[in-house]
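Engineer: This is the structure, below, for whatever I ask next.
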Amino acid sequence: MRQSKPATVLDALVIGAGFAGLYQLYCLRERAGLSVKVLEAAGDLGGTWYWNRYPGARCDSESHSYCYFFSKALYQDWEWTERYPGPAEILRYLHHVADRFDLKRSIRFGARVVAAHYDEEENHWEVTTQDGTRYRAAYLVCAVGCLSSANVPDIPGLESFAGRWYHTGEWPHDGVDFRGMRVGQIGTGSTGIQAAPAIAGTAKHLTVFQRTAQYSVPARNAPIDEAFKHHVRESYDAIREVVRSTPNGHPFRIHRRNAFDVGAEERQAIYEAAWEKGGLQFRASFRDLVLDKRANDTAAEFIKKKIRAIVRNPKTAAILADIDHPYAAKRPPIDTDYFETFNRDNVTLVDLRAEPIERITPAGIRTRAREYPLDTLVFATGFDAMTGPLVRMDIRGRGGLKLGEAWRDGPQTYLGLQVPGFPNLFTVTGPGSPSVLTNMPVAIEQHVDWITDCISWMRTRGVERCEPKVDAAERWSEQVNEAANATLLPLATHSWYLGANVPGKPRVFMPYAGGLARYRALCDDVAAKGYEGFVMERSLTAPVRP
Ligand code: N01
C-alpha cells in the first residue's frame with residue numbers, strides 16, 4: 001500500500017501571500033523566530049492584485065499610503081510613479097518587498113488550502129492542500145483577503161452562452177482582446193466603474209447592465225512629480241502618524257466641520273474643490289457625511305447634479321443618477337471618465353430595475369424587455385466578501401465544528417481576530433474588524449503586529465492555546481452592530497458589507513465601523529490587560545492568570 005507522505009511540521013502556517021501574508025511571514029519568522037510557511041493558491045504573490053487585472057483596475061488608495069510602514073527604509077527607498085497605483089506597479093512593489101526581506105523561500109505557490117482541521121488532543125492544526133500535501137502547525141493565520149471569493153451570480157442559461165465570459169476578480173493574465181466585440185458588463189460597483197471606460201475604449205460596443213446606480217467621484221489619477229516624491233520621502237513620520245490616527249487609515253484627515261456649519265454657497269464651493277481634487281477625500285469634506293442623513297443628502301445631491309451635467313442623454317443620466325442609498329453607504333467608487341463613457345456612441349446603459357435579466361441565451365442577455373446580442377460577458381459582480389474566502393476552505397475547530405456551521409447566522413469573532421471554538425487560529429482583517437472600511441495595508445499592519453505580539457506573549461509564558469471566550473465574541477458582535485448603526489452604512493440594504501449581494505448569506509453588517517484608530521486602541525487595551533476576553537491555556541487544565 002502507498003504510504004502518504006508525512007506532514008511537514010512547522011510552528012506556524014500562513015494562508016495567502018498578499019499584503020497580509022507577506023508581512024505576517026516576515027513578523028513570525030524574523031521577529032518571533034518561528035518556523036513558518038506561507039501557502040498560496042496563486043502561482044505568484046500579490047493576493048487581490050494577482051487576480052484583479054481587469055482593464056482599468058487601479059487602487060483607490062493613494063500610492064504613498066497603499067504600502068507598508070513597518071520599515072522606514074523600505075518606505076523611503078520605494079518610489080511610486082502615479083497618484084493611484086495599478087496592479088503591475090503594486091505587484092512590482094510586493095516583489096521588491098519579498099526580495100528585500102528574503103520572503104519567497106518560505107512561500108509555496110500553487111498550494112490551495114482545501115482543509116484545516118484542529119486536533120484538540122495534540123493542539124495543532126492539520127492543513128491539507130489540493131494536491132494532498134499535509135502540514136501541521138501550532139498556529140494558523142488566515143491572510144486570505146476580504147474580497148477573494150468571486151461572486152458569479154446564478155443567472156439561468158450562462159452555460160449556454162456561445163461567447164466567452166469573465167469575472168473581473170479572476171481576470172486572465174494575458175488579457176482579453178475586446179476589439180470588434182460586443183461586450184456586456186454586469187455590475188456597476190467600484191470594479192465595474194473602473195472597467196467600463198477601459199472596455200468601451202477598445203470594444204466595438206459595450207452594454208452596461210446596471211442594477212443599482214452608484215455615486216462616483218473622479219479619481220484624478222496623474223503621474224507623481226519629483227517634488228511630491230521628495231515630500232513623501234521626507235514626510236514618512238508625519239504620513240505614518242496620519243494613517244494610524246485617522247478612522248480610515250488614509251493619508252488625509254476628515255474635516256471637523258459639519259455640513260451645516262457652513263452656508264449653502266460655501267458648502268457648494270467645498271464640494272466643488274473636493275470634486276476637482278478627486279479621490280476618496282471627497283467623503284472627508286465634512287465630519288458628519290456618513291453620520292447624518294441631512295448632511296449626506298447635500299453630498300448626494302451634489303454628485304447627482306454632476307452626473308446629470310456630464311451625461312448628455314437625459315434618459316441615461318436619469319438612470320445613472322437614480323441612486324437609492326446615501327452617499328458612501330456602499331463603498332464609494334472613484335473613477336476615470338465613468339459617467340463620460342455614457343456619452344460615447346458605442347456604449348448603452350440598461351436599467352435592470354426596469355427590465356431585469358431573465359436569462360443568458362447563446363446569443364447574449366435577455367431582459368424582460370428584449371434580447372441584447374453579445375459576444376463576450378464581463379461579470380463585475382463582486383465577491384462573497386469577508387466570510388467567503390474563509391468558509392470555502394474546510395476549516396474545522398473543536399469537536400470537528402465547521403466554520404461555516406459556526407457562522408450559519410453570521411460571522412462571530414472577537415475583534416475580528418479569532419473565533420470561539422477555533423483555538424490558535426487567527427484571521428487578518430477578518431469579519432468584525434475595520435478592514436474593508438479602511439486603507440487595507442494600514443489595517444493589515446495593525447492586525448499582523450497584534451497577532452505576532454499575541455503569539456510571542458504566549459510563547460514567552462508557556463501558553464499553548466489561545467481562544468476567545470464566547471461572551472467576549474458576543475459582546476464584540478454587539479459592538480460591531482452598534483458601530484454600524486451609529487452610521488448611515490446599514491441604510492444601503494443591498495450592500496456587500498451586509499452580505500446582501502450573495503443569495504442566502506445572513507444579513508449581518510460584517511466590518512467594524514467604529515474607525516481604525518479607535519479599534520487599534522481597543523485591541524491594544526485587550527493585550528495590555530493580558531488578553532482580556534481570551535482564554536489562555538498553559539495546558540488543557542491550567543488557564544493562565546496574567
Ligand atoms: O463589487 P460590488 P466590486 N445581476 O459588490 C452587481 C473593492 N474594490 O467588485 O449593487 C445584476 O461592489 C451589483 O449590483 P447591486 C471595493 O472595496 C477596490 O465592484 O448588488 N447585477 C453591483 O453593481 C469594492 O467595494 C478597488 O444591486 C448584479 C456589482 O454587481 C469591492 O472591491 C477596485 C448581480 C457588484 O459590485 C467590491 O467591488 C475595485 C446580478 N445578479 C473594487 N449581482 C480598488 O481600490 C451583482 N450585481 C482598487
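Lettering and numbering for the C-alpha cells are positional, with chains as A, B, ... in the shown order, residues counted from 1 in each chain, and ligands counted from 1 in the shown order.
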Near A:Ala354, counting only C-alpha atoms, which residues have an atom at most 12 Å away, once you skip same-chain residues fewer than 3 positions from it, shown as an mmCIF file with C-alpha atoms, in the first residue's frame?
Structural biologist:
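Dumped everything to around16.cif:
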```
data_model
loop_
_atom_site.group_PDB
_atom_site.id
_atom_site.type_symbol
_atom_site.label_atom_id
_atom_site.label_comp_id
_atom_site.auth_asym_id
_atom_site.auth_seq_id
_atom_site.Cartn_x
_atom_site.Cartn_y
_atom_site.Cartn_z
ATOM 1 C CA PHE A 209 -26.265 46.299 -17.128
ATOM 2 C CA GLN A 210 -26.920 48.377 -14.013
ATOM 3 C CA ARG A 211 -28.962 47.044 -11.110
ATOM 4 C CA THR A 212 -28.078 49.688 -8.527
ATOM 5 C CA ILE A 319 -30.962 56.138 -14.750
ATOM 6 C CA ASP A 322 -31.405 57.396 -9.694
ATOM 7 C CA LEU A 349 -26.889 51.548 -20.395
ATOM 8 C CA VAL A 350 -29.559 49.054 -19.399
ATOM 9 C CA ASP A 351 -31.609 49.701 -16.261
ATOM 10 C CA ILE A 357 -32.351 39.934 -16.611
ATOM 11 C CA THR A 367 -34.091 41.032 -20.119
ATOM 12 C CA ARG A 368 -37.797 41.341 -19.543
ATOM 13 C CA ALA A 369 -37.865 43.910 -22.378
ATOM 14 C CA ARG A 370 -35.612 42.436 -25.101
#
```
Engineer: Can you tell me which residues come within 7 Å of ligand 1 when counting only C-alpha atoms and all ligand atoms, ideally as a PDB file with N, CA and C atoms, in the first residue's frame?
Structural biologist:
```pdb
ATOM      1  N   ALA A  57      -8.238  48.479 -13.878  1.00  0.00           N
ATOM      2  CA  ALA A  57      -8.009  48.198 -12.446  1.00  0.00           C
ATOM      3  C   ALA A  57      -6.955  49.144 -11.895  1.00  0.00           C
ATOM      4  N   ARG A  58      -7.241  49.685 -10.754  1.00  0.00           N
ATOM      5  CA  ARG A  58      -6.313  50.618 -10.117  1.00  0.00           C
ATOM      6  C   ARG A  58      -6.739  50.751  -8.666  1.00  0.00           C
ATOM      7  N   CYS A  59      -5.790  50.941  -7.797  1.00  0.00           N
ATOM      8  CA  CYS A  59      -6.120  51.061  -6.382  1.00  0.00           C
ATOM      9  C   CYS A  59      -6.788  52.414  -6.109  1.00  0.00           C
ATOM     10  N   ASP A  60      -7.775  52.400  -5.225  1.00  0.00           N
ATOM     11  CA  ASP A  60      -8.450  53.654  -4.870  1.00  0.00           C
ATOM     12  C   ASP A  60      -7.736  54.399  -3.736  1.00  0.00           C
ATOM     13  N   SER A  61      -6.813  53.730  -3.084  1.00  0.00           N
ATOM     14  CA  SER A  61      -5.996  54.412  -2.064  1.00  0.00           C
ATOM     15  C   SER A  61      -4.810  55.060  -2.767  1.00  0.00           C
ATOM     16  N   LEU A 147     -11.788  40.055  -0.173  1.00  0.00           N
ATOM     17  CA  LEU A 147     -12.507  40.100  -1.451  1.00  0.00           C
ATOM     18  C   LEU A 147     -11.806  39.169  -2.435  1.00  0.00           C
ATOM     19  N   PRO A 153     -23.080  35.496 -10.320  1.00  0.00           N
ATOM     20  CA  PRO A 153     -24.491  35.252  -9.993  1.00  0.00           C
ATOM     21  C   PRO A 153     -25.055  34.079 -10.787  1.00  0.00           C
ATOM     22  N   ASP A 154     -25.993  33.439 -10.152  1.00  0.00           N
ATOM     23  CA  ASP A 154     -26.578  32.240 -10.729  1.00  0.00           C
ATOM     24  C   ASP A 154     -27.691  32.654 -11.704  1.00  0.00           C
ATOM     25  N   ILE A 155     -27.297  33.140 -12.874  1.00  0.00           N
ATOM     26  CA  ILE A 155     -28.282  33.585 -13.865  1.00  0.00           C
ATOM     27  C   ILE A 155     -28.542  32.404 -14.812  1.00  0.00           C
ATOM     28  N   ILE A 186     -21.975  43.206 -16.544  1.00  0.00           N
ATOM     29  CA  ILE A 186     -22.964  43.209 -15.470  1.00  0.00           C
ATOM     30  C   ILE A 186     -22.269  43.707 -14.213  1.00  0.00           C
ATOM     31  N   GLY A 187     -22.821  44.728 -13.591  1.00  0.00           N
ATOM     32  CA  GLY A 187     -22.254  45.223 -12.339  1.00  0.00           C
ATOM     33  C   GLY A 187     -21.652  46.597 -12.477  1.00  0.00           C
ATOM     34  N   THR A 188     -22.011  47.473 -11.533  1.00  0.00           N
ATOM     35  CA  THR A 188     -21.523  48.854 -11.547  1.00  0.00           C
ATOM     36  C   THR A 188     -21.079  49.274 -10.151  1.00  0.00           C
ATOM     37  N   GLY A 189     -20.335  48.387  -9.493  1.00  0.00           N
ATOM     38  CA  GLY A 189     -19.687  48.756  -8.227  1.00  0.00           C
ATOM     39  C   GLY A 189     -18.338  49.394  -8.540  1.00  0.00           C
ATOM     40  N   SER A 190     -17.456  49.433  -7.541  1.00  0.00           N
ATOM     41  CA  SER A 190     -16.130  50.048  -7.743  1.00  0.00           C
ATOM     42  C   SER A 190     -15.416  49.445  -8.949  1.00  0.00           C
ATOM     43  N   THR A 191     -15.548  48.129  -9.117  1.00  0.00           N
ATOM     44  CA  THR A 191     -14.857  47.453 -10.214  1.00  0.00           C
ATOM     45  C   THR A 191     -15.470  47.819 -11.555  1.00  0.00           C
ATOM     46  N   GLY A 192     -16.787  47.681 -11.663  1.00  0.00           N
ATOM     47  CA  GLY A 192     -17.464  47.956 -12.925  1.00  0.00           C
ATOM     48  C   GLY A 192     -17.231  49.393 -13.372  1.00  0.00           C
ATOM     49  N   PHE A 209     -25.024  46.689 -17.795  1.00  0.00           N
ATOM     50  CA  PHE A 209     -26.265  46.299 -17.128  1.00  0.00           C
ATOM     51  C   PHE A 209     -26.180  46.762 -15.674  1.00  0.00           C
ATOM     52  N   GLN A 210     -26.986  47.775 -15.349  1.00  0.00           N
ATOM     53  CA  GLN A 210     -26.920  48.377 -14.013  1.00  0.00           C
ATOM     54  C   GLN A 210     -28.134  47.972 -13.173  1.00  0.00           C
ATOM     55  N   ARG A 211     -27.849  47.369 -12.015  1.00  0.00           N
ATOM     56  CA  ARG A 211     -28.962  47.044 -11.110  1.00  0.00           C
ATOM     57  C   ARG A 211     -29.138  48.167 -10.092  1.00  0.00           C
ATOM     58  N   THR A 212     -28.009  48.594  -9.497  1.00  0.00           N
ATOM     59  CA  THR A 212     -28.078  49.688  -8.527  1.00  0.00           C
ATOM     60  C   THR A 212     -27.156  50.810  -8.989  1.00  0.00           C
ATOM     61  N   ARG A 331     -19.600  51.098  -0.571  1.00  0.00           N
ATOM     62  CA  ARG A 331     -18.218  51.540  -0.757  1.00  0.00           C
ATOM     63  C   ARG A 331     -18.173  52.573  -1.890  1.00  0.00           C
ATOM     64  N   ALA A 380     -18.768  41.955 -13.412  1.00  0.00           N
ATOM     65  CA  ALA A 380     -18.125  42.821 -12.397  1.00  0.00           C
ATOM     66  C   ALA A 380     -19.034  42.760 -11.176  1.00  0.00           C
ATOM     67  N   THR A 381     -19.315  41.545 -10.761  1.00  0.00           N
ATOM     68  CA  THR A 381     -20.398  41.302  -9.796  1.00  0.00           C
ATOM     69  C   THR A 381     -19.899  41.060  -8.378  1.00  0.00           C
ATOM     70  N   GLY A 382     -18.661  41.407  -8.133  1.00  0.00           N
ATOM     71  CA  GLY A 382     -18.187  41.439  -6.759  1.00  0.00           C
ATOM     72  C   GLY A 382     -17.831  40.082  -6.177  1.00  0.00           C
ATOM     73  N   PHE A 383     -17.913  40.019  -4.860  1.00  0.00           N
ATOM     74  CA  PHE A 383     -17.326  38.899  -4.134  1.00  0.00           C
ATOM     75  C   PHE A 383     -18.258  38.415  -3.023  1.00  0.00           C
ATOM     76  N   VAL A 436     -12.229  46.383   5.412  1.00  0.00           N
ATOM     77  CA  VAL A 436     -12.669  46.927   4.121  1.00  0.00           C
ATOM     78  C   VAL A 436     -13.160  48.371   4.206  1.00  0.00           C
ATOM     79  N   HIS A 494     -28.668  46.722   0.150  1.00  0.00           N
ATOM     80  CA  HIS A 494     -28.157  45.757  -0.828  1.00  0.00           C
ATOM     81  C   HIS A 494     -26.631  45.707  -0.833  1.00  0.00           C
ATOM     82  N   SER A 495     -26.004  46.189   0.258  1.00  0.00           N
ATOM     83  CA  SER A 495     -24.557  46.293   0.217  1.00  0.00           C
ATOM     84  C   SER A 495     -23.880  44.963   0.580  1.00  0.00           C
ATOM     85  N   TRP A 496     -22.685  44.782   0.011  1.00  0.00           N
ATOM     86  CA  TRP A 496     -21.947  43.562   0.369  1.00  0.00           C
ATOM     87  C   TRP A 496     -21.398  43.640   1.784  1.00  0.00           C
ATOM     88  N   ASN A 501     -25.315  40.818  -1.215  1.00  0.00           N
ATOM     89  CA  ASN A 501     -25.095  40.535  -2.637  1.00  0.00           C
ATOM     90  C   ASN A 501     -25.059  39.041  -2.945  1.00  0.00           C
TER      91      ASN A 501
END
```
Engineer: Smallest atom-to-atom distance to A:Cys142: which of A:Val113, A:Trp407, A:Arg312, A:Asp11, using only C-alpha atoms?
Structural biologist: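 Among the listed residues, A:Val113 lies closest to A:Cys142.
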Engineer: Where does DSSP see helix (DSSP H, G or I) in stretch 42-187 of chain A, if you list the residues as a PyMOL selection string?
Structural biologist: chain A and resi 48-51+72-77+87-100+104-106+158-160+168-170
Engineer: Tell me which of A:Asn52, A:Ser160, A:Asn313, A:Thr202 sits closest to A:Val183, counting only C-alpha atoms.
Structural biologist: A:Thr202
Engineer: Looking only at strand (DSSP E or B) from DSSP on the backbone, list the matching residues of stretch 126-348 of chain A as JSON, numbers by chain.
Structural biologist: {"A": [126, 127, 128, 129, 134, 135, 136, 137, 138, 139, 140, 141, 142, 150, 164, 165, 166, 167, 179, 182, 183, 184, 185, 186, 203, 205, 206, 207, 208, 209, 210, 217, 218, 223, 334, 335, 347, 348]}
Engineer: Using the selection just defined, write its residues with C-alpha atoms as a short mmCIF file (atom, residue, chain, number, x, y, z; two decimals), in the first residue's frame.
Structural biologist:
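The result, written out as part_16.cif:
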```
data_model
loop_
_atom_site.label_atom_id
_atom_site.label_comp_id
_atom_site.auth_asym_id
_atom_site.auth_seq_id
_atom_site.Cartn_x
_atom_site.Cartn_y
_atom_site.Cartn_z
CA GLU A 126 -3.64 19.85 10.25
CA VAL A 127 -3.69 21.64 6.94
CA THR A 128 -4.10 19.97 3.56
CA THR A 129 -3.57 21.48 0.14
CA ARG A 134 -0.18 17.90 4.58
CA TYR A 135 1.19 20.34 7.12
CA ARG A 136 0.96 20.56 10.87
CA ALA A 137 1.38 23.74 12.87
CA ALA A 138 0.61 25.18 16.28
CA TYR A 139 -0.69 28.44 14.83
CA LEU A 140 -2.71 29.03 11.72
CA VAL A 141 -3.06 32.54 10.32
CA CYS A 142 -5.64 33.12 7.58
CA ALA A 150 -15.53 35.74 -6.79
CA ARG A 164 -16.62 33.73 -23.57
CA TRP A 165 -17.29 35.16 -20.13
CA TYR A 166 -15.01 36.50 -17.43
CA HIS A 167 -15.24 37.59 -13.80
CA ARG A 179 -11.56 44.55 -30.40
CA ARG A 182 -19.99 43.42 -28.42
CA VAL A 183 -19.38 43.25 -24.68
CA GLY A 184 -21.99 43.01 -21.93
CA GLN A 185 -20.86 44.12 -18.48
CA ILE A 186 -22.96 43.21 -15.47
CA ALA A 203 -14.72 47.13 -27.70
CA HIS A 205 -19.86 48.08 -28.32
CA LEU A 206 -20.31 47.96 -24.55
CA THR A 207 -23.65 47.36 -22.89
CA VAL A 208 -23.60 48.09 -19.15
CA PHE A 209 -26.27 46.30 -17.13
CA GLN A 210 -26.92 48.38 -14.01
CA VAL A 217 -16.21 60.94 -7.78
CA PRO A 218 -13.31 61.48 -10.22
CA PRO A 223 1.96 60.87 -12.58
CA ILE A 334 -13.77 56.76 -7.65
CA ASP A 335 -13.39 56.76 -11.39
CA VAL A 347 -21.99 52.47 -25.06
CA THR A 348 -25.52 51.58 -23.93
#
```
Engineer: Which residue is closest to A:Leu91? Choose from A:Asn296, A:Asn123, A:Thr48, A:Asn258 and count only C-alpha atoms.
Structural biologist: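 Smallest separation from A:Leu91 among the options: A:Thr48.
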